[in-house]
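Data file: query33.cif. Format and content: mmCIF, C-alpha atoms.
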data_start
#
loop_
_atom_site.group_PDB
_atom_site.id
_atom_site.type_symbol
_atom_site.label_atom_id
_atom_site.label_comp_id
_atom_site.auth_asym_id
_atom_site.auth_seq_id
_atom_site.Cartn_x
_atom_site.Cartn_y
_atom_site.Cartn_z
ATOM 1 C CA ASN A 121 8.693 7.290 22.291
ATOM 2 C CA GLN A 122 6.872 8.495 19.147
ATOM 3 C CA LEU A 123 3.456 7.029 19.955
ATOM 4 C CA PRO A 124 1.944 9.965 21.906
ATOM 5 C CA LYS A 125 3.096 12.438 19.229
ATOM 6 C CA PHE A 126 1.689 10.133 16.583
ATOM 7 C CA GLN A 127 -1.661 9.819 18.348
ATOM 8 C CA GLU A 128 -1.977 13.609 18.406
ATOM 9 C CA MET A 129 -1.251 13.715 14.703
ATOM 10 C CA LEU A 130 -3.889 11.033 14.091
ATOM 11 C CA GLU A 131 -6.559 12.867 16.082
ATOM 12 C CA GLY A 132 -5.863 16.180 14.384
ATOM 13 C CA SER A 133 -5.449 14.904 10.832
ATOM 14 C CA THR A 134 -8.298 14.469 8.398
ATOM 15 C CA GLY A 135 -5.939 14.043 5.465
ATOM 16 C CA GLN A 136 -7.996 16.259 3.155
ATOM 17 C CA MET A 137 -5.287 18.918 2.711
ATOM 18 C CA GLU A 138 -2.657 16.454 1.509
ATOM 19 C CA MET A 139 -4.749 14.722 -1.139
ATOM 20 C CA ASP A 140 -5.376 15.763 -4.717
ATOM 21 C CA GLN A 141 -7.152 14.207 -7.695
ATOM 22 C CA LEU A 142 -4.182 11.915 -8.434
ATOM 23 C CA THR A 143 -3.625 10.585 -4.916
ATOM 24 C CA LEU A 144 -5.379 7.344 -3.958
ATOM 25 C CA ALA A 145 -3.945 7.203 -0.438
ATOM 26 C CA VAL A 146 -1.251 8.684 1.778
ATOM 27 C CA LEU A 147 1.184 6.871 4.067
ATOM 28 C CA ARG A 148 1.975 9.722 6.451
ATOM 29 C CA GLY A 149 4.973 9.626 8.759
ATOM 30 C CA VAL A 150 6.429 12.195 11.103
ATOM 31 C CA ASN A 151 8.983 13.512 8.562
ATOM 32 C CA VAL A 152 7.762 12.334 5.160
ATOM 33 C CA ARG A 153 4.454 11.502 3.549
ATOM 34 C CA TYR A 154 4.234 9.048 0.680
ATOM 35 C CA LEU A 155 1.487 9.711 -1.878
ATOM 36 C CA MET A 156 0.099 6.540 -3.458
ATOM 37 C CA ARG A 157 -0.741 7.345 -7.069
ATOM 38 C CA SER A 158 -0.761 3.841 -8.517
ATOM 39 C CA LEU A 159 -2.778 0.695 -7.850
ATOM 40 C CA SER A 160 0.092 -0.839 -5.890
ATOM 41 C CA MET A 161 3.293 0.242 -4.186
ATOM 42 C CA THR A 162 6.222 -1.543 -2.621
ATOM 43 C CA ILE A 163 7.510 -0.556 0.808
ATOM 44 C CA GLY A 164 11.018 -1.220 2.105
ATOM 45 C CA ARG A 165 14.428 0.358 1.792
ATOM 46 C CA ASN A 166 16.484 1.138 -1.264
ATOM 47 C CA ALA A 167 19.818 -0.576 -1.786
ATOM 48 C CA ALA A 168 22.492 -0.312 -4.492
ATOM 49 C CA ASN A 169 20.810 -2.953 -6.669
ATOM 50 C CA HIS A 170 17.216 -2.697 -5.430
ATOM 51 C CA THR A 171 14.662 0.116 -5.330
ATOM 52 C CA VAL A 172 11.182 0.307 -3.836
ATOM 53 C CA ASP A 173 8.368 2.813 -4.282
ATOM 54 C CA VAL A 174 8.414 3.825 -0.606
ATOM 55 C CA ASP A 175 11.929 4.066 0.847
ATOM 56 C CA LEU A 176 11.436 4.036 4.631
ATOM 57 C CA SER A 177 15.004 5.234 5.215
ATOM 58 C CA LEU A 178 13.714 8.724 4.314
ATOM 59 C CA GLU A 179 11.517 8.591 7.446
ATOM 60 C CA GLY A 180 14.106 7.373 9.949
ATOM 61 C CA PRO A 181 16.444 4.523 10.914
ATOM 62 C CA ALA A 182 15.527 1.646 8.621
ATOM 63 C CA PHE A 183 18.346 -0.849 9.166
ATOM 64 C CA LYS A 184 15.836 -3.505 10.355
ATOM 65 C CA VAL A 185 13.526 -2.927 7.382
ATOM 66 C CA SER A 186 13.772 -5.533 4.613
ATOM 67 C CA ARG A 187 14.615 -4.287 1.146
ATOM 68 C CA ARG A 188 11.095 -5.314 0.098
ATOM 69 C CA HIS A 189 9.161 -5.347 3.347
ATOM 70 C CA ALA A 190 5.556 -4.976 2.143
ATOM 71 C CA THR A 191 3.220 -4.299 -0.739
ATOM 72 C CA VAL A 192 0.060 -2.192 -0.574
ATOM 73 C CA GLN A 193 -2.509 -2.847 -3.292
ATOM 74 C CA LEU A 194 -5.861 -1.352 -4.181
ATOM 75 C CA GLN A 195 -8.178 -4.212 -5.130
ATOM 76 C CA ASP A 196 -11.335 -4.210 -7.268
ATOM 77 C CA ASP A 197 -13.444 -4.216 -4.086
ATOM 78 C CA ALA A 198 -12.182 -0.630 -3.383
ATOM 79 C CA HIS A 199 -10.186 -1.769 -0.354
ATOM 80 C CA PHE A 200 -6.465 -1.508 0.247
ATOM 81 C CA TYR A 201 -4.548 -4.596 1.363
ATOM 82 C CA LEU A 202 -1.066 -4.761 2.857
ATOM 83 C CA THR A 203 0.970 -7.943 2.383
ATOM 84 C CA CYS A 204 3.981 -8.441 4.657
ATOM 85 C CA GLU A 205 6.919 -9.641 2.562
ATOM 86 C CA GLY A 206 9.755 -8.902 4.985
ATOM 87 C CA LYS A 207 11.412 -10.916 7.733
ATOM 88 C CA ARG A 208 9.780 -8.941 10.548
ATOM 89 C CA ALA A 209 6.097 -8.426 11.286
ATOM 90 C CA ILE A 210 4.261 -5.219 10.453
ATOM 91 C CA TYR A 211 1.718 -3.896 12.929
ATOM 92 C CA VAL A 212 -1.619 -2.487 11.772
ATOM 93 C CA ASN A 213 -3.449 -0.797 14.635
ATOM 94 C CA GLY A 214 -1.343 -2.851 17.034
ATOM 95 C CA GLN A 215 -2.159 -6.213 15.410
ATOM 96 C CA PRO A 216 0.853 -8.120 14.043
ATOM 97 C CA ILE A 217 0.856 -9.022 10.356
ATOM 98 C CA LEU A 218 3.401 -11.803 10.061
ATOM 99 C CA PRO A 219 5.493 -12.534 6.958
ATOM 100 C CA HIS A 220 3.323 -13.764 4.050
ATOM 101 C CA GLU A 221 0.131 -12.568 5.761
ATOM 102 C CA ARG A 222 -2.227 -9.941 4.426
ATOM 103 C CA ALA A 223 -4.386 -7.337 6.157
ATOM 104 C CA ARG A 224 -6.911 -4.763 5.034
ATOM 105 C CA LEU A 225 -5.937 -1.139 5.614
ATOM 106 C CA HIS A 226 -8.674 1.208 6.789
ATOM 107 C CA HIS A 227 -8.712 4.997 6.679
ATOM 108 C CA ASN A 228 -6.709 6.476 9.600
ATOM 109 C CA CYS A 229 -5.158 3.149 10.597
ATOM 110 C CA ILE A 230 -1.684 3.130 12.124
ATOM 111 C CA VAL A 231 0.962 1.095 10.291
ATOM 112 C CA GLU A 232 4.221 0.323 12.127
ATOM 113 C CA VAL A 233 7.240 -1.076 10.293
ATOM 114 C CA CYS A 234 10.263 -1.797 12.500
ATOM 115 C CA SER A 235 9.393 1.013 14.963
ATOM 116 C CA LEU A 236 8.629 3.536 12.181
ATOM 117 C CA SER A 237 5.002 4.662 12.518
ATOM 118 C CA PHE A 238 2.688 5.934 9.802
ATOM 119 C CA ILE A 239 -0.974 6.846 9.359
ATOM 120 C CA PHE A 240 -2.695 5.437 6.269
ATOM 121 C CA LEU A 241 -5.215 7.882 4.787
ATOM 122 C CA ILE A 242 -7.584 6.950 1.944
ATOM 123 C CA ASN A 243 -8.923 9.390 -0.669
ATOM 124 C CA VAL A 244 -12.273 7.625 -1.158
ATOM 125 C CA PRO A 245 -13.661 9.720 -4.065
ATOM 126 C CA VAL A 246 -10.480 9.265 -6.119
ATOM 127 C CA VAL A 247 -10.400 5.526 -5.338
ATOM 128 C CA HIS A 248 -13.954 5.068 -6.661
ATOM 129 C CA ASP A 249 -13.288 7.230 -9.751
ATOM 130 C CA THR A 250 -10.072 5.330 -10.523
ATOM 131 C CA LEU A 251 -11.723 1.921 -10.217
ATOM 132 C CA ALA A 252 -14.676 3.039 -12.366
ATOM 133 C CA LYS A 253 -12.283 4.263 -15.095
ATOM 134 C CA THR A 254 -10.279 1.047 -14.849
ATOM 135 C CA LYS A 255 -13.410 -1.073 -15.331
ATOM 136 C CA GLU A 256 -14.606 1.079 -18.266
ATOM 137 C CA SER A 257 -11.288 0.816 -20.118
ATOM 138 C CA SER A 258 -10.732 -2.893 -19.451
ATOM 139 C CA PRO A 259 -11.951 -5.498 -21.922
ATOM 140 C CA PRO A 260 -14.054 -8.297 -20.448
ATOM 141 C CA THR A 261 -11.818 -10.927 -18.929
ATOM 142 C CA GLN A 262 -12.298 -14.640 -18.641
ATOM 143 C CA PRO A 263 -12.125 -16.099 -15.134
ATOM 144 C CA PRO A 264 -8.761 -17.704 -14.408
ATOM 145 C CA PRO A 265 -8.507 -21.468 -14.819
ATOM 146 C CA PRO A 266 -9.195 -23.426 -11.631
ATOM 147 C CA VAL A 267 -6.277 -24.518 -9.526
ATOM 148 C CA VAL A 268 -6.071 -28.293 -9.417
ATOM 149 C CA ALA A 269 -4.473 -29.768 -6.323
ATOM 150 C CA ALA A 270 -1.953 -32.573 -6.687
ATOM 151 C CA GLY A 271 -3.713 -35.927 -6.865
ATOM 152 C CA GLU A 272 -7.099 -34.433 -7.791
ATOM 153 C CA SER A 273 -8.942 -36.464 -10.394
ATOM 154 C CA ASP A 274 -9.723 -35.216 -13.898
ATOM 155 C CA ALA A 275 -13.454 -35.420 -13.104
ATOM 156 C CA ALA A 276 -13.001 -33.151 -10.065
ATOM 157 C CA ALA A 277 -10.974 -30.715 -12.159
ATOM 158 C CA ALA A 278 -13.676 -30.686 -14.859
ATOM 159 C CA ALA A 279 -16.367 -30.093 -12.216
ATOM 160 C CA ALA A 280 -14.347 -27.200 -10.795
ATOM 161 C CA ALA A 281 -13.923 -25.738 -14.282
ATOM 162 C CA ALA A 282 -17.650 -26.047 -15.001
ATOM 163 C CA GLY A 283 -18.417 -24.262 -11.723
ATOM 164 C CA GLY A 284 -16.357 -21.238 -12.716
ATOM 165 C CA GLY A 285 -13.319 -22.144 -10.693
ATOM 166 C CA GLY A 286 -12.780 -19.112 -8.490
ATOM 167 C CA GLY A 287 -9.500 -17.787 -7.304
ATOM 168 C CA SER A 288 -8.378 -14.235 -6.971
ATOM 169 C CA GLY A 289 -7.188 -13.674 -10.522
ATOM 170 C CA SER A 290 -5.851 -10.379 -11.783
ATOM 171 C CA THR A 291 -7.513 -7.021 -11.829
ATOM 172 C CA GLY A 292 -7.598 -6.991 -15.627
ATOM 173 C CA SER A 293 -6.451 -3.391 -15.565
ATOM 174 C CA ASN A 294 -5.193 -1.705 -18.715
ATOM 175 C CA VAL A 295 -4.531 1.528 -16.842
ATOM 176 C CA LYS A 296 -0.833 2.267 -16.665
ATOM 177 C CA PRO A 297 -0.219 3.201 -13.027
ATOM 178 C CA SER A 298 1.942 6.179 -12.240
ATOM 179 C CA ALA A 299 4.738 6.103 -9.692
ATOM 180 C CA PRO A 300 4.073 7.023 -6.058
ATOM 181 C CA TYR A 301 5.073 10.537 -5.159
ATOM 182 C CA ILE A 302 6.887 11.721 -2.047
ATOM 183 C CA LYS A 303 6.638 15.073 -0.298
ATOM 184 C CA GLN A 304 8.609 16.093 2.740
ATOM 185 C CA GLU A 305 6.742 17.676 5.636
ATOM 186 C CA ASP A 306 8.115 21.117 4.778
ATOM 187 C CA GLY A 307 6.272 20.796 1.448
ATOM 188 C CA GLU A 308 9.413 20.418 -0.674
ATOM 189 C CA ASP A 309 8.919 17.950 -3.511
ATOM 190 C CA VAL A 310 11.226 14.945 -3.405
ATOM 191 C CA GLY A 311 9.837 13.649 -6.705
ATOM 192 C CA SER A 312 8.435 10.507 -8.204
ATOM 193 C CA VAL A 313 9.888 7.156 -7.313
ATOM 194 C CA THR A 314 9.972 4.299 -9.795
ATOM 195 C CA ALA A 315 10.077 0.679 -8.789
ATOM 196 C CA ALA A 316 12.304 -1.935 -10.361
ATOM 197 C CA GLN A 317 10.070 -4.433 -12.091
#

Whole structure, structure tokens version:
Amino acid sequence: NQLPKFQEMLEGSTGQMEMDQLTLAVLRGVNVRYLMRSLSMTIGRNAANHTVDVDLSLEGPAFKVSRRHATVQLQDDAHFYLTCEGKRAIYVNGQPILPHERARLHHNCIVEVCSLSFIFLINVPVVHDTLAKTKESSPPTQPPPPVVAAGESDAAAAAAAAGGGGGSGSTGSNVKPSAPYIKQEDGEDVGSVTAAQ
């Protein structure tokens, strides 16, 4: 069972040594750590015709991991969110995140994907600097048009539009994100990983 070993690693790890000025967050496993250097990253397992940013098969047995099992995104509110996109649930601090559900990731939280365990570490100063630069370089954006439900009247749609609509919209980012970077525990560089778009 990896949990006791993982708990020791969590208690003894501050994450400061493995972060630099390009790393927003780290997904740290027992064998490999994945450095998040872009505003989003995909998690899963690589296949002949499909690649992800974080290939969990580098950490251990990943035959139950979906090719695209999850996405982690840094939002404008300076929080990271994990969306489960696979067939099996992901556990964040022991709480199941079912397919198509989303959960906020906190610093030092434990993320389990098909019995592979990781610690999620956040580089708060770099996150705030990155978001500030993104906002400075982005032109002002218009709010997205309101979503009109089927059968909603034109008057209700106009009222929703006059009220600003709402919705999550896009980040409006003009910053070209770089690819996540992987380092093995022995410090050997594995290199950048690019995702198929």

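The gap separating CA of Ile163 in chain A from CA of Lys207 in chain A is 13.1 Å, in Å to one decimal.
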
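Minimum atom-to-atom distances from A:Asn228, A:Asn151, A:Ser237, A:Thr162 to Val192 in chain A were compared using only C-alpha atoms, and the lowest value belongs to A:Thr162.
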
Residues near His189 in chain A, cut-off 7 Å, all atoms listed in the file, skip fewer than 6 positions along chain, as a list in words: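 Returned residues: Ile163, Gly164, Cys204, Glu205 and Gly206 of chain A.
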
Pick from A:Glu221, A:Asp173, A:Glu179, A:Glu232 nearest to Val150 in chain A, counting all atoms listed in the file: A:Glu179

Explicit residues for the PyMOL selection byres ((chain A and resi 229) around 9) (as a PyMOL selection string): chain A and resi 130+212-213+225-228+230-231+238-241

Expansion of the PyMOL selection byres ((chain A and resi 159) around 9) into residues, as number ranges by chain: A: 144, 156-158, 160-161, 192-195, 297-298

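Minimum distance to Val185 in chain A across A:Lys255, A:His170, A:Arg165, A:His199 (counting all atoms listed in the file) occurs at A:Arg165.
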
Chain and number of each residue from the PyMOL selection byres ((chain A and resi 244-250) around 7), as number ranges by chain: A: 141, 144, 198, 242-243, 251-254

Interatomic distance (Å, one decimal) between CA of Leu142 in chain A and CA of Glu256 in chain A: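 Distance between the two atoms: 18.0 Å.
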
Nearest to Ser177 in chain A by atom-to-atom distance, counting all atoms listed in the file, from A:Val233, A:Thr191, A:Ile217, A:Tyr211: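 Counting all atoms listed in the file, the residue closest to Ser177 in chain A is A:Val233.
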
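One distance worth recording is that between CA of Pro216 in chain A and CA of Ser186 in chain A, which is 16.2 Å.
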